[in-house]
Amino acid sequence: MQASSLTYNEKMLANYVPVYVMLPLGVVTINNVLEDKAGIEKQLKELRAAGVDGVMVDVWWGIIESQGPKQYDWSAYRSLFQIVQDCGLKLQAIMSFHQCGGNVGDVVNIPLPQWVLDIGESDPDVFYTNRSGNRNKEYLSLGVDNEPLFYGRTAVEIYGDYMKSFRESMSDFFEDGLIIDVEVGLGPAGELRYPSYPQNQGWVFPGIGEFQCYDKYLKAEFKEAATSVGHPEWELPDNAGTYNDTPTSTEFFGQSGTYLTEKGKFFLTWYSNKLLSHGDQILDEANKAFLGCKVKLAAKVSGIHWWYKADNHAAELTAGYYNLKDRDGYRPVARILSRHYAILNFTCLEMRDSEQSSDAKSGPQELVQQVLSGGWRENLEVAGENALPRYDRDAYNQILLNARPNGVNKEGPPKLRMYGVTYLRLSDDLLQENNFNIFKTFVKKMHADQDYCPDPEKYSHHIGPLERSKPKMPIEYLLEATEPMEPFPWDKETDMSVGGALSNLIDKIFSIFK
């Protein structure tokens with residue numbers, strides 16, 4: 001190869017965005033067994049042949065510590081990791097401290113460890129609770145983060161012990177460079193949020209959801225906070241509606257609603273700050289657990305795009321993202337992540353406004369722009385994933401646009417580039433011939449038309465030993481990041497398209513005659 005063409009390829013390689021694929025939710029069964037070794041190996045080899053860089057897998061707390069406190073069994077996951085390594089793929093491991101089941105796309109049911117649920121039988125306030133007293137067993141309430149209710153341990157200590165045990169048990173995989181990032185589960189569906197829109201309690205899109213702070217621990221904390229600012233009479237909201245309301249049908253989110261009053265602002269600040277501090281504390285534990293490993297930490301933020309174009313942003317507020325036109329609810333999260341050298345992982349990369357019903361006032365494109373811009377402004381690496389399984393070119397083109405909002409730079413690194421994208425999810429549908437052919441094109445375009453590159457250093461993904469988190473940030477410094485800023489400009493469409501409307505039509509005809 002001539003030096004000049006090599007130089008061009010090297011320049012283009014600076015635009016490379018690695019692609020990972022999420023493994024099926026139940027790849028390790030509820031009984032802690034890797035059942036279909038041959039099947040998963042065959043699928044992983046197909047991904048590797050398609051140029052995929054790696055895979056992501058949930059490492060379920062409900063499976064690993066199911067036998068009792070500190071009784072960890074990592075054997076099935078060790079078998080799985082060995083297969084991933086043998087297939088030449090990298091691994092993103094999620095510390096999944098939430099239940100699987102009850103959310104969009106959940107096809108298996110993996111509850112929290114039984115011994116934890118037993119504690120919840122005698123003290124149901126360890127779970128998130130809505131105003132009418134419904135408990136949510138998906139994830140422990142952040143109200144018990146520092147309460148030693150679990151055989152003498154706090155929730156934060158449980159998460160810390162689990163991550164330390166993971167590091168010790170998987171030390172050889174860390175040393176071999178197999179595990180490139182550890183995503184720390186910080187809430188339901190692994191996302192840093194409150195479980196404000198649970199399908200298993202009857203929520204249906206695009207309901208505004210409900211605040212989840214009515215357990216006795218959070219109630220007491222709110223009362224203490226309100227008293228400390230001279231308002232002992234303030235109570236938690238009782239006028240914010242129910243899961244499937246529209247914002248304007250409630251007093252809290254209506255025009256000139258409670259959310260705009262001094263009392264409403266105090267509550268929303270408290271509610272969102274509790275979430276920030278929850279994420280901060282657990283990421284600090286993760287940083288201590290993986291200190292010195294050549295690995296990146298990551299945390300996931302949920303893409304709550306419905307009601308984004310309404311003044312009240314109701315669905316975001318109930319989830320704990322205090323985001324309004326005049327207040328950025330996401331940059332403070334990014335600032336927390338920057339303290340722990342963590343990647344911000346965001347969802348709904350595939351969605352376009354035009355695909356959403358206008359009634360829901362959805363703004364997925366603007367939301368992605370806002371969150372990614374905020375992450376880059378805080379000097380973070382930003383990664384992402386699609387929210388729903390999609391196999392069409394429009395979805396892939398939208399992901400490609402978000403991955404490089406201003407296109408490729410033929411002279412070197414692009415101005416803006418996502419750190420990586422994880423595709424949801426490995427399935428028979430994805431591997432169906434026509435779908436998989438489009439997916440392979442997508443991978444090639446994410447790689448800026450370059451061949452698969454086994455050496456991340458070549459596209460500036462240097463992973464050094466994890467450093468100790470920076471000092472704790474004063475709340476005032478965090479809240480400075482709520483100052484809204486214009487997002488970076490995005491091109492209208494990607495310059496690395498996988499094909500457009502005509503290709504979509506041909507795909508449809510092809511699938512009919514298959």
# chains A, B, ... in the order shown; residues from 1 in each chain; ligands from 1
$ closest_atom_pairs --of "segment 387-495 of chain A" --to "segment 341-352 of chain A" --cutoff "7 Å" --atoms "only C-alpha atoms" --output "tab-separated table"
residue	atom	partner	partner_atom	distance
A:Ala387	CA	A:Cys348	CA	4.5
A:Ala395	CA	A:Glu350	CA	4.7
A:Tyr396	CA	A:Glu350	CA	6.6
A:Gln398	CA	A:Glu350	CA	5.3
A:Ile399	CA	A:Glu350	CA	5.1
A:Asn402	CA	A:Leu349	CA	6.7
A:Ser469	CA	A:Tyr341	CA	7.0
$ select_by_dssp --residues "segment 445-497 of chain A" --states "alpha helix (DSSP H)" --output "JSON, numbers by chain"
{"A": [445, 446, 475, 476, 477, 478, 479, 480]}
$ residues_around --residues "segment 292-298 of chain A" --least-positions-apart "4" --cutoff "8 Å" --atoms "only C-alpha atoms" --output "ChimeraX atom specification"
/A:174-175,177,179-184,286-287,340-345,463-467
$ write_last_selection --atoms "N, CA, C and O atoms" --output "compact mmCIF listing (two decimals), in the first residue's frame"
# COMPACT_ATOMS: atom_id res chain seq x y z
N PHE A 174 -9.85 -8.42 32.90
CA PHE A 174 -9.43 -7.00 32.93
C PHE A 174 -7.99 -6.89 32.41
O PHE A 174 -7.67 -6.03 31.59
N GLU A 175 -7.12 -7.76 32.92
CA GLU A 175 -5.70 -7.70 32.53
C GLU A 175 -5.52 -7.97 31.04
O GLU A 175 -4.67 -7.37 30.39
N GLY A 177 -7.49 -7.06 28.78
CA GLY A 177 -8.08 -5.98 27.98
C GLY A 177 -9.41 -6.36 27.35
O GLY A 177 -9.89 -5.68 26.43
N ILE A 179 -12.47 -6.51 29.01
CA ILE A 179 -13.52 -5.61 29.52
C ILE A 179 -13.05 -4.17 29.36
O ILE A 179 -12.11 -3.73 30.03
N ILE A 180 -13.69 -3.46 28.45
CA ILE A 180 -13.24 -2.08 28.18
C ILE A 180 -14.04 -1.05 28.93
O ILE A 180 -13.56 0.04 29.20
N ASP A 181 -15.32 -1.37 29.26
CA ASP A 181 -16.01 -0.45 30.17
C ASP A 181 -17.01 -1.15 31.06
O ASP A 181 -17.53 -2.22 30.74
N VAL A 182 -17.19 -0.53 32.22
CA VAL A 182 -18.13 -1.03 33.21
C VAL A 182 -19.19 0.04 33.37
O VAL A 182 -18.92 1.14 33.83
N GLU A 183 -20.42 -0.30 32.94
CA GLU A 183 -21.53 0.65 33.11
C GLU A 183 -22.19 0.35 34.45
O GLU A 183 -22.57 -0.79 34.71
N VAL A 184 -22.31 1.37 35.28
CA VAL A 184 -22.81 1.19 36.65
C VAL A 184 -24.31 1.46 36.68
O VAL A 184 -24.75 2.58 36.39
N ALA A 286 -17.77 2.66 42.57
CA ALA A 286 -17.29 1.97 41.36
C ALA A 286 -15.85 2.37 41.08
O ALA A 286 -15.01 1.53 40.73
N ASN A 287 -15.57 3.66 41.24
CA ASN A 287 -14.21 4.13 40.98
C ASN A 287 -13.22 3.46 41.92
O ASN A 287 -12.14 3.04 41.51
N HIS A 340 -15.78 11.41 37.98
CA HIS A 340 -15.38 9.99 38.09
C HIS A 340 -14.78 9.45 36.79
O HIS A 340 -14.64 8.23 36.64
N TYR A 341 -14.45 10.36 35.86
CA TYR A 341 -13.90 9.94 34.56
C TYR A 341 -14.83 8.94 33.86
O TYR A 341 -14.39 7.95 33.28
N ALA A 342 -16.14 9.18 33.94
CA ALA A 342 -17.11 8.23 33.40
C ALA A 342 -17.67 8.72 32.06
O ALA A 342 -17.74 9.92 31.81
N ILE A 343 -18.07 7.77 31.24
CA ILE A 343 -18.71 8.06 29.95
C ILE A 343 -20.20 8.29 30.19
O ILE A 343 -20.82 7.57 30.99
N LEU A 344 -20.78 9.26 29.51
CA LEU A 344 -22.23 9.46 29.56
C LEU A 344 -22.86 8.66 28.43
O LEU A 344 -22.57 8.89 27.26
N ASN A 345 -23.70 7.69 28.78
CA ASN A 345 -24.35 6.84 27.78
C ASN A 345 -25.81 7.26 27.68
O ASN A 345 -26.54 7.25 28.67
N ILE A 463 -7.20 3.73 26.57
CA ILE A 463 -7.75 3.37 27.88
C ILE A 463 -6.59 3.10 28.83
O ILE A 463 -5.98 2.04 28.79
N GLY A 464 -6.29 4.10 29.67
CA GLY A 464 -5.23 3.93 30.66
C GLY A 464 -5.83 3.43 31.96
O GLY A 464 -7.04 3.25 32.08
N PRO A 465 -4.98 3.18 32.98
CA PRO A 465 -5.50 2.75 34.28
C PRO A 465 -6.45 3.80 34.85
O PRO A 465 -6.17 5.00 34.78
N LEU A 466 -7.58 3.36 35.41
CA LEU A 466 -8.58 4.27 35.98
C LEU A 466 -7.97 5.04 37.15
O LEU A 466 -7.38 4.44 38.05
N GLU A 467 -8.09 6.36 37.09
CA GLU A 467 -7.57 7.21 38.18
C GLU A 467 -8.63 7.39 39.24
O GLU A 467 -9.82 7.26 38.98
$ atom_distance --atom1 "atom CA of Pro124 of chain A" --atom2 "atom CA of Trp203 of chain A"
21.2 Å
$ select_by_dssp --residues "segment 35-97 of chain A" --states "strand (DSSP E)" --output "PyMOL selection string"
chain A and resi 54-60+90-96
$ closest_residue --among "A:Asp449, A:Asp491, A:Tyr391, A:Ser358" --to "Gln432 of chain A" --atoms "only C-alpha atoms"
A:Tyr391
$ atom_distance --atom1 "atom CA of Met473 of chain A" --atom2 "atom CA of Leu283 of chain A"
13.3 Å
$ closest_residue --among "A:Lys70, A:Val382, A:Tyr423, A:Pro414" --to "Gly54 of chain A" --atoms "only C-alpha atoms"
A:Tyr423
$ closest_residue --among "A:Gln82, A:Ala319, A:Gln281, A:Ala225" --to "Asn130 of chain A" --atoms "only C-alpha atoms"
A:Ala319
$ atom_distance --atom1 "atom CA of Val19 of chain A" --atom2 "atom CA of Phe442 of chain A"
9.3 Å
$ closest_residue --among "A:Lys415, A:Asn200, A:Tyr159, A:Tyr77" --to "Lys137 of chain A" --atoms "only C-alpha atoms"
A:Asn200
$ residues_around --residues "Arg327 of chain A" --least-positions-apart "5" --cutoff "6 Å" --atoms "only C-alpha atoms" --output "PyMOL selection string"
chain A and resi 482-484
$ write_last_selection --atoms "N, CA, C and O atoms" --output "PDB file, in the first residue's frame"
ATOM      1  N   THR A 482     -26.651  24.156  35.450  1.00  0.00           N
ATOM      2  CA  THR A 482     -28.053  24.211  34.998  1.00  0.00           C
ATOM      3  C   THR A 482     -28.283  25.404  34.067  1.00  0.00           C
ATOM      4  O   THR A 482     -29.344  25.516  33.457  1.00  0.00           O
ATOM      5  N   GLU A 483     -27.288  26.290  33.950  1.00  0.00           N
ATOM      6  CA  GLU A 483     -27.391  27.442  33.039  1.00  0.00           C
ATOM      7  C   GLU A 483     -27.556  26.923  31.601  1.00  0.00           C
ATOM      8  O   GLU A 483     -26.700  26.197  31.098  1.00  0.00           O
ATOM      9  N   PRO A 484     -28.668  27.261  30.928  1.00  0.00           N
ATOM     10  CA  PRO A 484     -28.840  26.700  29.586  1.00  0.00           C
ATOM     11  C   PRO A 484     -27.841  27.263  28.584  1.00  0.00           C
ATOM     12  O   PRO A 484     -27.456  28.430  28.676  1.00  0.00           O
TER      13      PRO A 484
END
$ residues_around --residues "Ala314 of chain A" --least-positions-apart "2" --cutoff "10 Å" --atoms "only C-alpha atoms" --output "VMD selection string"
chain A and resid 207 to 210 240 246 to 248 252 to 254 259 304 306 to 312 316 to 319 321 to 324
